[in-house]
file protein_37.txt (compact mmCIF, C-alpha atoms)
# COMPACT_ATOMS: atom_id res chain seq x y z
CA ALA A 660 5.34 -18.89 -3.97
CA GLN A 661 2.48 -16.58 -3.17
CA SER A 662 2.06 -13.77 -5.64
CA VAL A 663 -0.27 -11.14 -6.99
CA THR A 664 -0.18 -10.23 -10.66
CA GLN A 665 -1.63 -7.19 -12.35
CA PRO A 666 -1.04 -7.87 -16.04
CA ASP A 667 -1.70 -4.32 -17.24
CA ILE A 668 0.85 -1.66 -16.37
CA HIS A 669 -1.06 1.20 -17.96
CA ILE A 670 -4.63 1.49 -19.23
CA THR A 671 -6.30 4.43 -20.94
CA VAL A 672 -10.07 4.73 -21.14
CA SER A 673 -12.41 7.48 -22.24
CA GLU A 674 -14.48 9.31 -19.68
CA GLY A 675 -17.84 7.61 -19.36
CA ALA A 676 -16.56 4.27 -20.63
CA SER A 677 -16.53 1.14 -18.53
CA LEU A 678 -13.40 -0.07 -16.80
CA GLU A 679 -12.01 -3.44 -15.78
CA LEU A 680 -8.64 -3.83 -14.10
CA ARG A 681 -7.28 -7.33 -13.85
CA CYS A 682 -5.77 -9.04 -10.84
CA ASN A 683 -4.68 -12.65 -10.48
CA TYR A 684 -3.36 -14.28 -7.37
CA SER A 685 -1.40 -17.41 -6.61
CA TYR A 686 -2.11 -18.85 -3.18
CA GLY A 687 -2.67 -22.32 -1.82
CA ALA A 688 -6.09 -21.36 -0.48
CA THR A 689 -8.38 -18.42 -1.11
CA PRO A 690 -6.70 -15.36 0.37
CA TYR A 691 -8.12 -12.14 1.64
CA LEU A 692 -8.19 -9.73 -1.32
CA PHE A 693 -8.02 -5.95 -1.49
CA TRP A 694 -8.02 -3.16 -4.01
CA TYR A 695 -6.33 0.14 -3.20
CA VAL A 696 -6.17 3.38 -5.20
CA GLN A 697 -3.32 5.87 -5.10
CA SER A 698 -3.89 9.37 -6.42
CA PRO A 699 -0.82 11.48 -7.26
CA GLY A 700 0.97 12.68 -4.16
CA GLN A 701 -1.19 10.65 -1.83
CA GLY A 702 -1.09 7.38 0.02
CA LEU A 703 -3.03 4.26 -0.82
CA GLN A 704 -6.73 4.32 -0.08
CA LEU A 705 -8.77 1.16 0.34
CA LEU A 706 -11.47 0.75 -2.32
CA LEU A 707 -12.86 -2.61 -1.27
CA LYS A 708 -11.99 -5.94 0.28
CA TYR A 709 -13.08 -9.55 0.00
CA PHE A 710 -12.86 -12.01 2.84
CA SER A 711 -15.62 -14.51 2.12
CA GLY A 712 -19.27 -14.76 1.14
CA ASP A 713 -20.76 -12.93 -1.81
CA THR A 714 -18.25 -12.96 -4.64
CA LEU A 715 -19.32 -9.54 -5.92
CA VAL A 716 -18.02 -6.87 -3.61
CA GLN A 717 -19.08 -3.25 -3.63
CA GLY A 718 -16.63 -0.54 -2.72
CA ILE A 719 -16.33 3.19 -2.52
CA LYS A 720 -16.45 5.62 -5.45
CA GLY A 721 -18.71 3.32 -7.47
CA PHE A 722 -16.19 0.50 -7.81
CA GLU A 723 -16.93 -3.19 -7.52
CA ALA A 724 -14.84 -6.33 -7.78
CA GLU A 725 -15.70 -9.93 -8.53
CA PHE A 726 -13.90 -12.87 -6.98
CA LYS A 727 -13.62 -15.87 -9.28
CA ARG A 728 -12.07 -18.86 -7.61
CA SER A 729 -11.84 -20.88 -10.83
CA GLN A 730 -9.76 -18.17 -12.44
CA SER A 731 -7.85 -17.07 -9.32
CA SER A 732 -8.93 -13.57 -10.18
CA PHE A 733 -10.27 -10.52 -8.41
CA ASN A 734 -10.95 -7.96 -11.14
CA LEU A 735 -11.97 -4.41 -10.38
CA ARG A 736 -14.76 -2.80 -12.39
CA LYS A 737 -16.56 0.47 -12.79
CA PRO A 738 -19.44 1.00 -15.22
CA SER A 739 -18.64 4.62 -16.06
CA VAL A 740 -15.25 6.19 -15.45
CA HIS A 741 -14.86 9.78 -14.33
CA TRP A 742 -11.80 11.94 -14.96
CA SER A 743 -11.12 11.93 -11.21
CA ASP A 744 -10.59 8.15 -11.35
CA ALA A 745 -7.20 8.70 -13.01
CA ALA A 746 -4.80 7.15 -10.52
CA GLU A 747 -2.80 4.03 -9.86
CA TYR A 748 -4.62 0.94 -8.64
CA PHE A 749 -3.11 -1.81 -6.57
CA CYS A 750 -4.45 -5.28 -5.93
CA ALA A 751 -3.25 -6.99 -2.75
CA ALA A 752 -3.67 -10.39 -1.13
CA LEU A 753 -3.14 -11.91 2.28
CA GLY A 754 -3.19 -15.59 3.19
CA TYR A 755 -6.24 -16.59 5.20
CA GLY A 756 -5.62 -15.94 8.88
CA GLY A 757 -2.31 -14.28 8.13
CA SER A 758 -0.92 -11.08 9.52
CA GLN A 759 -1.18 -7.85 7.58
CA GLY A 760 2.61 -7.92 7.58
CA ASN A 761 2.36 -10.65 4.97
CA LEU A 762 0.21 -8.58 2.62
CA ILE A 763 1.44 -8.88 -0.96
CA PHE A 764 0.82 -6.08 -3.42
CA GLY A 765 0.69 -6.27 -7.17
CA LYS A 766 2.86 -3.92 -9.20
CA GLY A 767 -0.05 -1.62 -9.88
CA THR A 768 -2.02 -0.47 -12.93
CA LYS A 769 -1.93 3.17 -13.88
CA LEU A 770 -5.24 4.43 -15.20
CA SER A 771 -5.42 7.41 -17.53
CA VAL A 772 -8.78 8.92 -18.49
CA LYS A 773 -9.31 10.66 -21.83
CA PRO A 774 -11.80 13.53 -21.98
CA ASP B 968 -11.35 10.72 12.24
CA ALA B 969 -7.67 11.52 11.92
CA GLY B 970 -5.88 9.17 9.59
CA VAL B 971 -2.25 8.13 9.64
CA ILE B 972 -0.11 11.25 9.91
CA GLN B 973 3.37 11.41 8.47
CA SER B 974 5.95 14.14 8.69
CA PRO B 975 7.60 15.76 6.97
CA ARG B 976 5.74 15.53 3.64
CA HIS B 977 8.88 16.41 1.75
CA GLU B 978 12.53 16.17 2.69
CA VAL B 979 15.52 17.22 0.63
CA THR B 980 18.95 16.70 2.08
CA GLU B 981 22.50 16.00 1.07
CA MET B 982 23.99 12.55 1.11
CA GLY B 983 25.61 11.58 4.36
CA GLN B 984 23.07 13.43 6.45
CA GLU B 985 20.80 11.73 8.93
CA VAL B 986 17.13 11.60 7.96
CA THR B 987 14.28 10.92 10.36
CA LEU B 988 10.76 10.21 9.17
CA ARG B 989 7.87 10.27 11.59
CA CYS B 990 4.54 8.55 11.78
CA LYS B 991 1.50 8.77 14.00
CA PRO B 992 -0.80 5.79 13.47
CA ILE B 993 -4.55 5.81 13.82
CA SER B 994 -5.54 5.76 17.47
CA GLY B 995 -6.38 2.24 18.61
CA HIS B 996 -4.51 0.49 15.83
CA ASN B 997 -2.00 -2.06 17.06
CA SER B 998 0.08 -2.69 13.94
CA LEU B 999 2.28 -0.25 12.07
CA PHE B 1000 4.03 -0.68 8.75
CA TRP B 1001 6.78 1.22 6.93
CA TYR B 1002 6.91 0.97 3.14
CA ARG B 1003 9.16 2.41 0.46
CA GLN B 1004 7.86 3.14 -3.04
CA THR B 1005 10.02 3.69 -6.10
CA MET B 1006 9.38 3.50 -9.81
CA MET B 1007 11.82 0.64 -10.20
CA ARG B 1008 10.83 -1.57 -7.28
CA GLY B 1009 7.25 -0.56 -6.58
CA LEU B 1010 5.94 -0.80 -3.04
CA GLU B 1011 8.24 -2.61 -0.60
CA LEU B 1012 7.53 -3.44 3.03
CA LEU B 1013 10.49 -2.39 5.14
CA ILE B 1014 9.37 -3.31 8.65
CA TYR B 1015 6.25 -3.83 10.66
CA PHE B 1016 5.43 -3.60 14.33
CA ASN B 1017 2.70 -5.24 16.35
CA ASN B 1018 1.95 -3.81 19.79
CA ASN B 1019 5.08 -1.65 19.45
CA VAL B 1020 7.33 -4.67 18.91
CA PRO B 1021 9.16 -5.17 15.60
CA ILE B 1022 7.87 -8.38 14.07
CA ASP B 1023 9.60 -8.50 10.72
CA ASP B 1024 12.42 -6.22 9.59
CA SER B 1025 13.62 -8.42 6.77
CA GLY B 1026 12.75 -5.69 4.28
CA MET B 1027 15.08 -3.14 5.82
CA PRO B 1028 17.70 -2.69 3.12
CA GLU B 1029 20.81 -2.09 5.22
CA ASP B 1030 22.12 -1.27 8.63
CA ARG B 1031 21.83 2.37 7.68
CA PHE B 1032 18.07 2.00 8.18
CA SER B 1033 16.53 1.71 11.61
CA ALA B 1034 12.99 2.01 12.94
CA LYS B 1035 11.56 2.46 16.39
CA MET B 1036 8.16 2.52 17.96
CA PRO B 1037 8.54 3.84 21.50
CA ASN B 1038 4.80 3.91 22.12
CA ALA B 1039 1.50 3.11 20.45
CA SER B 1040 1.13 6.55 18.92
CA PHE B 1041 4.52 7.23 17.38
CA SER B 1042 7.12 5.62 15.16
CA THR B 1043 10.27 6.79 13.41
CA LEU B 1044 12.26 5.54 10.46
CA LYS B 1045 15.84 6.75 10.43
CA ILE B 1046 18.44 6.62 7.70
CA GLN B 1047 22.02 7.32 8.70
CA PRO B 1048 24.00 8.06 6.64
CA SER B 1049 21.67 8.76 3.74
CA GLU B 1050 22.58 7.99 0.12
CA PRO B 1051 21.07 9.16 -3.21
CA ARG B 1052 19.64 5.65 -3.81
CA ASP B 1053 17.47 6.11 -0.72
CA SER B 1054 15.43 8.70 -2.62
CA ALA B 1055 11.85 7.41 -2.66
CA VAL B 1056 8.44 7.96 -1.16
CA TYR B 1057 8.16 6.39 2.27
CA PHE B 1058 4.73 5.41 3.55
CA CYS B 1059 3.55 4.53 6.98
CA ALA B 1060 0.39 2.47 7.45
CA SER B 1061 -1.49 1.14 10.43
CA SER B 1062 -4.12 -1.50 11.06
CA LEU B 1063 -6.04 -3.18 13.83
CA GLU B 1064 -5.07 -6.82 13.89
CA GLY B 1065 -6.73 -9.51 15.90
CA GLU B 1066 -10.27 -8.40 15.15
CA GLY B 1067 -11.34 -9.51 11.70
CA ASN B 1068 -8.02 -8.77 10.11
CA GLN B 1069 -8.84 -5.19 9.21
CA PRO B 1070 -6.97 -3.64 6.27
CA GLN B 1071 -4.13 -1.18 6.42
CA HIS B 1072 -4.69 2.56 6.35
CA PHE B 1073 -1.94 4.59 4.71
CA GLY B 1074 -0.54 8.02 5.38
CA ASP B 1075 0.18 10.44 2.53
CA GLY B 1076 3.88 9.60 2.59
CA THR B 1077 7.18 11.43 2.85
CA ARG B 1078 8.87 12.22 -0.44
CA LEU B 1079 12.59 11.96 0.26
CA SER B 1080 15.26 13.31 -2.05
CA ILE B 1081 18.91 12.72 -1.27
CA LEU B 1082 21.24 14.91 -3.30
call {"tool": "encode", "arguments": {"input": "protein_37.txt", "output": "structure tokens"}}
result
Amino acid sequence: AQSVTQPDIHITVSEGASLELRCNYSYGATPYLFWYVQSPGQGLQLLLKYFSGDTLVQGIKGFEAEFKRSQSSFNLRKPSVHWSDAAEYFCAALGYGGSQGNLIFGKGTKLSVKP
Amino acid sequence: DAGVIQSPRHEVTEMGQEVTLRCKPISGHNSLFWYRQTMMRGLELLIYFNNNVPIDDSGMPEDRFSAKMPNASFSTLKIQPSEPRDSAVYFCASSLEGEGNQPQHFGDGTRLSIL
């Protein structure tokens, strides 16, 4: 069955430190891949997306993600975390050519930032 | 640009009452999604519409839940009668499908508490 796994439920990093949030997918073929961020009391906001082409994708707020087919992964990274990055992050995947109604979300990773 | 607009932002009501949640999608988008988010179950897709037609309502938990989309700029999710276990944050999202499979844009949600 198709699935998206975010192995880390909660991560704490110090402000200014680098960040990597993990995401693994299970699909028959390379899916479309997305990262969303949800700040407290708000809806999900798209950070970046990968459809094809360059495997390193740049997003908003200084985030990037790297698609690795061999590892079925799409990890989110940021070189230097800011306190405002504290939020919950969701990875999502959609089968190639599929409808957005078939989008599958991971369970989310909550990021806390230490001063 | 106006994003997805949901109302009300917060709703507190007693069990047995009818609850109606409202959503205005982004102008020009042709797909609309209703999600429910809880700590226990995460983000669940309840129903989605394409061109105002319900495509998949398999996520609607019970007959107490119903959703309508009378036109391209408005949708409602109704719970009647409401129960305490319906307490959650309900999100509406919209997207433009058929042109590059654009991602979903989320509203800020309705936090529903059933007493």
call {"tool": "closest_residue", "arguments": {"input": "protein_37.txt", "among": "B:Gln984, B:Asn1018, B:Ser1080, B:Ser1054", "to": "Asn997 of chain B", "atoms": "all atoms listed in the file"}}
result
B:Asn1018
call {"tool": "residues_around", "arguments": {"input": "protein_37.txt", "residues": "Ser758 of chain A", "least_positions_apart": "5", "cutoff": "12 Å", "atoms": "only C-alpha atoms", "output": "PyMOL selection string"}}
result
(chain A and resi 690-691+752-753+763) or (chain B and resi 997-1000+1015-1017+1022-1023+1062-1071)
call {"tool": "residues_around", "arguments": {"input": "protein_37.txt", "residues": "Cys682 of chain A", "least_positions_apart": "3", "cutoff": "6 Å", "atoms": "only C-alpha atoms", "output": "short mmCIF file (atom, residue, chain, number, x, y, z; two decimals) with C-alpha atoms, keeping the file's coordinate frame"}}
result
data_model
loop_
_atom_site.label_atom_id
_atom_site.label_comp_id
_atom_site.auth_asym_id
_atom_site.auth_seq_id
_atom_site.Cartn_x
_atom_site.Cartn_y
_atom_site.Cartn_z
CA THR A 664 -0.18 -10.23 -10.66
CA GLN A 665 -1.63 -7.19 -12.35
CA SER A 732 -8.93 -13.57 -10.18
CA PHE A 733 -10.27 -10.52 -8.41
CA ASN A 734 -10.95 -7.96 -11.14
#
call {"tool": "atom_distance", "arguments": {"input": "protein_37.txt", "atom1": "atom CA of Phe749 of chain A", "atom2": "atom CA of Trp694 of chain A"}}
result
5.7 Å
call {"tool": "interface_residues", "arguments": {"input": "protein_37.txt", "of": "chain A", "to": "chain B", "cutoff": "7 Å", "atoms": "only C-alpha atoms", "output": "number ranges by chain"}}
result
A: 701-704, 760, 766
call {"tool": "residues_around", "arguments": {"input": "protein_37.txt", "residues": "Gly687 of chain A", "least_positions_apart": "2", "cutoff": "9 Å", "atoms": "all atoms listed in the file", "output": "ChimeraX atom specification"}}
result
/A:660-661,685,689-690,754
call {"tool": "atom_distance", "arguments": {"input": "protein_37.txt", "atom1": "atom CA of Phe722 of chain A", "atom2": "atom CA of Val740 of chain A"}}
result
9.6 Å
call {"tool": "residues_around", "arguments": {"input": "protein_37.txt", "residues": "Cys990 of chain B", "least_positions_apart": "6", "cutoff": "8 Å", "atoms": "only C-alpha atoms", "output": "PyMOL selection string"}}
result
chain B and resi 971-974+1041-1043+1059
call {"tool": "atom_distance", "arguments": {"input": "protein_37.txt", "atom1": "atom CA of Glu747 of chain A", "atom2": "atom CA of Gln697 of chain A"}}
result
5.1 Å
call {"tool": "closest_residue", "arguments": {"input": "protein_37.txt", "among": "A:Cys750, A:Asp744, A:Gly757, A:Gly765", "to": "Thr671 of chain A", "atoms": "all atoms listed in the file"}}
result
A:Asp744
call {"tool": "residues_near_point", "arguments": {"input": "protein_37.txt", "point": "(-16.0, -7.5, 2.5)", "cutoff": "12 Å", "atoms": "all atoms listed in the file", "output": "list in words"}}
result
Tyr691, Leu692, Phe693, Trp694, Leu705, Leu706, Leu707, Lys708, Tyr709, Phe710, Ser711, Gly712, Asp713, Thr714, Leu715, Val716, Gln717, Gly718, Ile719, Glu723, Ala724, Glu725 and Phe726 of chain A; Gly1067, Asn1068, Gln1069 and Pro1070 of chain B
call {"tool": "closest_residue", "arguments": {"input": "protein_37.txt", "among": "A:Ala746, A:Ile668, A:Ala676, A:Leu735", "to": "Pro774 of chain A", "atoms": "all atoms listed in the file"}}
result
A:Ala676
